[in-house]
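upload21.txt follows; it contains compact mmCIF, C-alpha atoms.
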# COMPACT_ATOMS: atom_id res chain seq x y z
CA MET Z 1 -54.06 55.49 23.19
CA THR Z 2 -51.88 55.06 20.12
CA THR Z 3 -48.15 55.33 19.52
CA GLN Z 4 -48.72 58.78 18.04
CA ASP Z 5 -50.70 59.92 21.08
CA ILE Z 6 -47.81 58.91 23.32
CA MET Z 7 -45.27 60.57 21.03
CA ASP Z 8 -47.30 63.77 21.11
CA GLY Z 9 -47.28 63.66 24.92
CA LEU Z 10 -43.54 63.09 25.05
CA HIS Z 11 -42.98 66.01 22.67
CA SER Z 12 -45.15 68.14 24.98
CA LEU Z 13 -42.61 67.41 27.72
CA GLY Z 14 -39.92 68.87 25.47
CA LEU Z 15 -38.35 65.54 24.55
CA ASP Z 16 -36.78 65.05 21.13
CA ARG Z 17 -33.96 63.20 19.37
CA SER Z 18 -31.39 65.11 21.42
CA SER Z 19 -32.87 63.85 24.70
CA SER Z 20 -31.29 61.24 26.97
CA VAL Z 21 -33.63 59.87 29.63
CA ILE Z 22 -33.82 57.17 32.27
CA VAL Z 23 -37.34 55.74 32.08
CA HIS Z 24 -39.41 54.40 34.98
CA SER Z 25 -42.82 53.31 33.80
CA SER Z 26 -46.17 51.63 34.33
CA LEU Z 27 -48.00 50.40 31.23
CA SER Z 28 -51.35 50.21 33.03
CA SER Z 29 -51.15 53.91 33.94
CA PHE Z 30 -51.90 54.87 30.31
CA GLY Z 31 -55.24 53.08 30.20
CA TYR Z 32 -55.85 51.05 27.05
CA VAL Z 33 -52.93 51.29 24.61
CA ASP Z 34 -53.35 49.99 21.08
CA GLY Z 35 -50.32 47.74 20.69
CA GLY Z 36 -49.61 47.52 24.42
CA ALA Z 37 -46.10 47.87 25.79
CA GLU Z 38 -44.54 47.64 22.33
CA ALA Z 39 -46.44 50.78 21.28
CA VAL Z 40 -45.01 52.64 24.28
CA CYS Z 41 -41.50 51.41 23.42
CA ARG Z 42 -41.96 52.54 19.83
CA ALA Z 43 -43.03 56.00 20.98
CA LEU Z 44 -40.01 56.26 23.29
CA THR Z 45 -37.48 55.10 20.70
CA GLU Z 46 -38.91 57.31 17.95
CA THR Z 47 -39.08 60.41 20.17
CA CYS Z 48 -35.93 60.29 22.29
CA GLY Z 49 -32.27 59.92 21.40
CA THR Z 50 -30.96 57.66 24.17
CA LEU Z 51 -33.06 55.56 26.54
CA LEU Z 52 -31.80 54.01 29.79
CA LEU Z 53 -34.10 51.52 31.53
CA PRO Z 54 -33.76 49.19 34.52
CA GLY Z 55 -33.00 45.62 33.49
CA GLY Z 56 -32.61 43.90 36.86
CA THR Z 57 -32.92 40.13 37.30
CA TRP Z 58 -33.05 39.92 41.09
CA ASP Z 59 -35.99 37.47 41.14
CA CYS Z 60 -34.01 34.94 39.08
CA THR Z 61 -30.45 35.40 40.31
CA GLY Z 62 -30.73 36.69 43.89
CA ILE Z 63 -29.64 34.50 46.79
CA PRO Z 64 -29.26 35.05 50.56
CA ALA Z 65 -26.02 36.03 52.19
CA PRO Z 66 -23.85 33.00 53.02
CA PRO Z 67 -23.62 32.02 56.67
CA GLY Z 68 -20.90 33.56 58.77
CA MET Z 69 -20.46 36.69 56.63
CA PRO Z 70 -22.12 39.49 58.61
CA ARG Z 71 -21.83 43.03 57.32
CA PRO Z 72 -22.56 45.97 59.62
CA HIS Z 73 -25.86 47.75 58.97
CA ASN Z 74 -26.55 45.48 56.01
CA ALA Z 75 -30.20 44.54 56.73
CA ASN Z 76 -29.89 41.12 55.12
CA GLU Z 77 -30.53 37.85 56.91
CA PRO Z 78 -27.93 35.23 55.90
CA ALA Z 79 -28.71 31.59 55.27
CA ALA Z 80 -28.91 29.59 58.49
CA ASN Z 81 -26.22 27.15 57.35
CA TRP Z 82 -24.26 26.11 54.27
CA GLN Z 83 -26.77 23.40 53.36
CA GLU Z 84 -29.55 25.97 53.10
CA PHE Z 85 -27.26 28.31 51.19
CA ASP Z 86 -26.28 25.60 48.69
CA GLU Z 87 -29.96 24.71 48.16
CA ARG Z 88 -30.87 28.32 47.46
CA LEU Z 89 -27.89 28.66 45.15
CA SER Z 90 -28.88 25.56 43.18
CA LYS Z 91 -32.44 26.86 42.72
CA ALA Z 92 -31.36 30.30 41.54
CA THR Z 93 -30.76 31.01 37.86
CA SER Z 94 -27.28 31.84 36.64
CA PHE Z 95 -27.14 35.33 35.16
CA ARG Z 96 -27.40 35.46 31.37
CA MET Z 97 -27.78 38.45 29.11
CA ASP Z 98 -31.10 37.07 27.81
CA LEU Z 99 -32.82 36.73 31.19
CA PRO Z 100 -36.17 38.53 31.47
CA VAL Z 101 -36.33 41.79 33.38
CA ASP Z 102 -37.98 41.47 36.79
CA ARG Z 103 -41.77 41.83 36.45
CA TRP Z 104 -42.00 44.32 39.32
CA LEU Z 105 -40.07 46.79 37.13
CA GLY Z 106 -43.03 46.84 34.74
CA ARG Z 107 -43.69 45.35 31.31
CA ILE Z 108 -42.07 48.11 29.27
CA PRO Z 109 -38.38 47.30 30.02
CA ASP Z 110 -38.72 43.64 29.11
CA THR Z 111 -40.73 44.50 26.00
CA LEU Z 112 -37.91 46.83 24.95
CA ARG Z 113 -35.45 43.97 25.53
CA LEU Z 114 -37.43 41.59 23.34
CA ALA Z 115 -38.47 43.96 20.56
CA TYR Z 116 -35.44 46.22 20.19
CA SER Z 117 -32.43 44.17 21.38
CA PRO Z 118 -30.91 47.02 23.38
CA LEU Z 119 -27.45 46.87 24.91
CA ARG Z 120 -27.40 45.46 28.44
CA THR Z 121 -24.95 45.45 31.32
CA SER Z 122 -23.91 42.18 32.93
CA HIS Z 123 -24.51 43.05 36.58
CA PRO Z 124 -26.08 39.88 38.05
CA LEU Z 125 -28.70 41.79 40.08
CA PHE Z 126 -28.89 45.35 38.83
CA SER Z 127 -28.39 45.41 35.08
CA TYR Z 128 -29.49 48.24 32.80
CA LEU Z 129 -30.77 48.35 29.24
CA ALA Z 130 -29.92 51.19 26.87
CA ILE Z 131 -30.57 52.09 23.27
CA GLY Z 132 -29.46 55.09 21.26
CA PRO Z 133 -26.26 56.94 20.37
CA ASP Z 134 -25.08 57.31 23.98
CA ALA Z 135 -26.04 53.80 25.11
CA GLU Z 136 -22.57 52.26 25.06
CA ARG Z 137 -21.03 55.10 27.06
CA LEU Z 138 -23.75 55.00 29.72
CA LEU Z 139 -23.63 51.25 30.21
CA GLY Z 140 -19.83 51.32 30.27
CA ALA Z 141 -20.05 53.40 33.45
CA GLN Z 142 -21.42 50.46 35.44
CA ARG Z 143 -18.99 48.35 37.45
CA PRO Z 144 -19.76 45.40 39.73
CA ASP Z 145 -18.91 47.66 42.69
CA TRP Z 146 -20.82 50.69 41.33
CA PRO Z 147 -24.15 49.56 39.86
CA LEU Z 148 -25.61 53.07 39.59
CA GLY Z 149 -22.80 54.26 37.33
CA PRO Z 150 -25.06 54.60 34.23
CA ILE Z 151 -27.21 57.17 36.04
CA GLU Z 152 -24.13 59.07 37.16
CA ALA Z 153 -22.99 59.20 33.52
CA LEU Z 154 -26.40 60.36 32.25
CA ASP Z 155 -26.51 64.01 31.23
CA GLY Z 156 -30.26 64.13 30.84
CA ASP Z 157 -33.57 63.60 32.55
CA VAL Z 158 -35.59 61.24 34.69
CA LEU Z 159 -38.83 60.29 32.91
CA LEU Z 160 -41.58 59.04 35.22
CA LEU Z 161 -44.45 57.49 33.25
CA GLY Z 162 -47.30 56.72 35.63
CA VAL Z 163 -45.04 56.04 38.59
CA ASP Z 164 -43.93 58.20 41.51
CA HIS Z 165 -40.53 58.92 43.00
CA THR Z 166 -40.47 55.58 44.83
CA SER Z 167 -39.33 54.25 41.42
CA ASN Z 168 -36.76 57.01 40.93
CA THR Z 169 -33.37 55.30 41.35
CA THR Z 170 -31.54 58.57 40.74
CA ILE Z 171 -32.38 59.40 44.36
CA HIS Z 172 -30.42 56.29 45.36
CA LEU Z 173 -27.37 57.62 43.53
CA ALA Z 174 -27.41 60.80 45.61
CA GLU Z 175 -27.79 58.69 48.77
CA GLN Z 176 -24.81 56.55 47.90
CA LEU Z 177 -22.60 59.48 47.03
CA LEU Z 178 -23.22 60.66 50.59
CA GLY Z 179 -22.46 57.23 52.08
CA ARG Z 180 -26.03 56.06 52.69
CA SER Z 181 -27.96 53.03 51.42
CA ARG Z 182 -24.89 51.08 50.31
CA PHE Z 183 -25.78 47.44 50.90
CA TYR Z 184 -24.07 44.14 50.10
CA ARG Z 185 -26.20 41.60 48.26
CA TYR Z 186 -25.55 38.24 46.66
CA ALA Z 187 -26.28 36.62 43.32
CA LYS Z 188 -25.64 33.52 41.27
CA GLY Z 189 -23.28 34.77 38.60
CA ALA Z 190 -22.71 31.42 36.86
CA ASP Z 191 -23.27 27.72 37.50
CA GLY Z 192 -21.86 26.88 40.92
CA LEU Z 193 -20.58 30.44 41.38
CA TRP Z 194 -21.91 33.06 43.77
CA THR Z 195 -20.72 36.61 44.10
CA GLU Z 196 -20.93 39.40 46.66
CA LEU Z 197 -22.03 42.72 45.17
CA PRO Z 198 -21.57 46.02 47.05
CA ASN Z 199 -23.45 49.30 46.81
CA ILE Z 200 -26.88 47.85 46.17
CA PRO Z 201 -29.58 50.45 46.99
CA GLY Z 202 -32.02 50.10 49.88
CA ASP Z 203 -35.68 50.98 50.38
CA SER Z 204 -37.44 53.77 48.51
CA HIS Z 205 -40.98 53.71 49.94
CA ARG Z 206 -40.62 57.25 51.39
CA PHE Z 207 -38.99 58.79 48.33
CA ASP Z 208 -42.16 60.51 47.15
CA ALA Z 209 -41.63 63.05 49.93
CA ILE Z 210 -39.18 64.70 47.54
CA GLU Z 211 -41.94 65.77 45.13
CA PRO Z 212 -42.67 69.23 46.64
CA GLU Z 213 -38.96 70.06 46.61
CA LEU Z 214 -38.68 69.12 42.93
CA ARG Z 215 -41.86 70.81 41.74
CA SER Z 216 -40.14 73.84 40.24
CA ALA Z 217 -37.80 71.57 38.22
CA THR Z 218 -40.56 69.23 37.04
CA LYS Z 219 -42.37 69.42 33.72
CA GLU Z 220 -45.64 67.45 33.70
CA VAL Z 221 -48.32 66.45 31.17
CA ARG Z 222 -51.09 63.89 30.92
CA ILE Z 223 -50.72 61.22 28.28
CA GLY Z 224 -54.11 59.56 28.31
CA GLU Z 225 -54.55 58.57 31.94
CA CYS Z 226 -50.77 58.56 32.56
CA ARG Z 227 -49.17 61.25 34.69
CA ALA Z 228 -45.90 61.85 32.81
CA ARG Z 229 -43.10 63.85 34.43
CA ARG Z 230 -39.67 64.96 33.26
CA ILE Z 231 -37.11 66.06 35.85
CA PRO Z 232 -33.43 66.80 35.16
CA VAL Z 233 -31.10 64.24 36.72
CA ALA Z 234 -29.00 67.13 38.04
CA ALA Z 235 -32.00 68.57 39.89
CA VAL Z 236 -32.84 65.22 41.49
CA LEU Z 237 -29.26 64.81 42.69
CA ALA Z 238 -29.00 68.39 43.98
CA VAL Z 239 -32.30 68.34 45.88
CA THR Z 240 -31.69 64.90 47.39
CA THR Z 241 -28.21 65.97 48.49
CA ARG Z 242 -29.55 69.14 50.07
CA MET Z 243 -32.27 67.25 51.94
CA ILE Z 244 -29.91 64.59 53.32
CA LEU Z 245 -27.29 67.11 54.38
CA ALA Z 246 -29.99 69.00 56.27
CA ASP Z 247 -31.40 65.78 57.78
CA PRO Z 248 -29.57 62.43 57.52
CA ALA Z 249 -32.95 60.65 57.85
CA ALA Z 250 -34.57 62.54 54.95
CA LEU Z 251 -36.65 60.29 52.63
CA LEU Z 252 -36.33 57.36 55.07
CA CYS Z 253 -38.89 55.92 57.46
CA THR Z 254 -37.94 56.16 61.13
CA ASP Z 255 -40.74 54.13 62.69
CA ASP Z 256 -39.76 50.58 61.67
CA PRO Z 257 -36.45 49.29 63.07
CA ALA Z 258 -36.72 46.18 60.87
CA CYS Z 259 -36.80 48.24 57.66
CA ARG Z 260 -33.70 48.76 55.54
CA CYS Z 261 -34.20 52.49 56.12
CA ALA Z 262 -32.86 52.06 59.66
CA ALA Z 263 -29.71 50.37 58.37
CA ALA Z 264 -29.25 53.05 55.70
CA LEU Z 265 -29.45 55.77 58.33
CA ASN Z 266 -26.96 53.98 60.58
CA GLN Z 267 -24.54 53.72 57.64
CA ILE Z 268 -24.37 57.50 57.20
CA LEU Z 269 -24.36 58.19 60.94
CA GLY Z 270 -21.57 55.67 61.49

What's the structure tokens form of this structure?
Amino acid sequence: MTTQDIMDGLHSLGLDRSSSVIVHSSLSSFGYVDGGAEAVCRALTETCGTLLLPGGTWDCTGIPAPPGMPRPHNANEPAANWQEFDERLSKATSFRMDLPVDRWLGRIPDTLRLAYSPLRTSHPLFSYLAIGPDAERLLGAQRPDWPLGPIEALDGDVLLLGVDHTSNTTIHLAEQLLGRSRFYRYAKGADGLWTELPNIPGDSHRFDAIEPELRSATKEVRIGECRARRIPVAAVLAVTTRMILADPAALLCTDDPACRCAAALNQILG
């Protein structure tokens, strides 16, 4: 696969310089790519107008809840005592704008960060990267108490490159607008400083159940070995909303009481 091959595939999806997309991706899904993740980033930046990508730093900055601060239906075990909490806080990394993107989000977001110096939000757990003419407006929609604001501001499409809907955070936005999957989590915001952050999304391991409902709104091509799909953000929000209103447990597991899905369901039922 070359940059041009990937650009041709993106054009086949109908993407062009007027397109604004949130990208969820797996580099390995393409097979061998000449130039690796940077070639994929080049194809994306040269094809689309505005790109929005996850830029989270949870693995560096995340800490447990402090002791004595229970939150109802929060599915988060606090530190056993303040000594343990202080130790975890000291080992965590203070958030900085140049921190690497969590590896579990794939290699493409961090490659974009390094090669293209995109704009980035300063959320200590759930930052976003963006590049293009609409980048500043999208990132400006994120607040510490509303981390999914950039998706809400995006008038465009979800682009799934070799990943399924378990990576589709737009589904989380629809959940949260309905009062579900709004968790409190904690991060090291600066040296010696911890912060509580509301409205952090929950589990997504059952989200691929949405695929049949979105099929009519999905455009799909193969780019090498990569299954590439483009779905309007508005369609994802509308279908998710319809499913949850019909069944509050839609897209959640109901067989594991220890899972965050159970807490998310109790939030909306409460």

(request) Go ahead and compute the interatomic distance for CA of Asp98 in chain Z and CA of Leu44 in chain Z, in Å to one decimal. (result)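 Rounded to one decimal, the two atoms are 21.6 Å apart.
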
(message) Just checking: using only C-alpha atoms, which residue out of Z:Thr57, Z:Thr241, Z:Thr45, Z:Ser94 ends up closest to Ala130 in chain Z?
(response) Z:Thr45

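Nearest to Arg180 in chain Z of all the residues Z:Ile6, Z:Val21, Z:Ala263, Z:Leu138 is Z:Ala263, based on all atoms listed in the file.
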
(request) Could you tell me which of Z:Pro212, Z:Gly62, Z:Pro147, Z:Gly179 comes closest to Lys91 in chain Z if we count only C-alpha atoms? (result)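 That would be Z:Gly62, the residue with the smallest distance to Lys91 in chain Z.
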
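Nearest to Cys259 in chain Z of all the residues Z:Glu213, Z:Asp164, Z:Cys48, Z:His205 is Z:His205, based on all atoms listed in the file.
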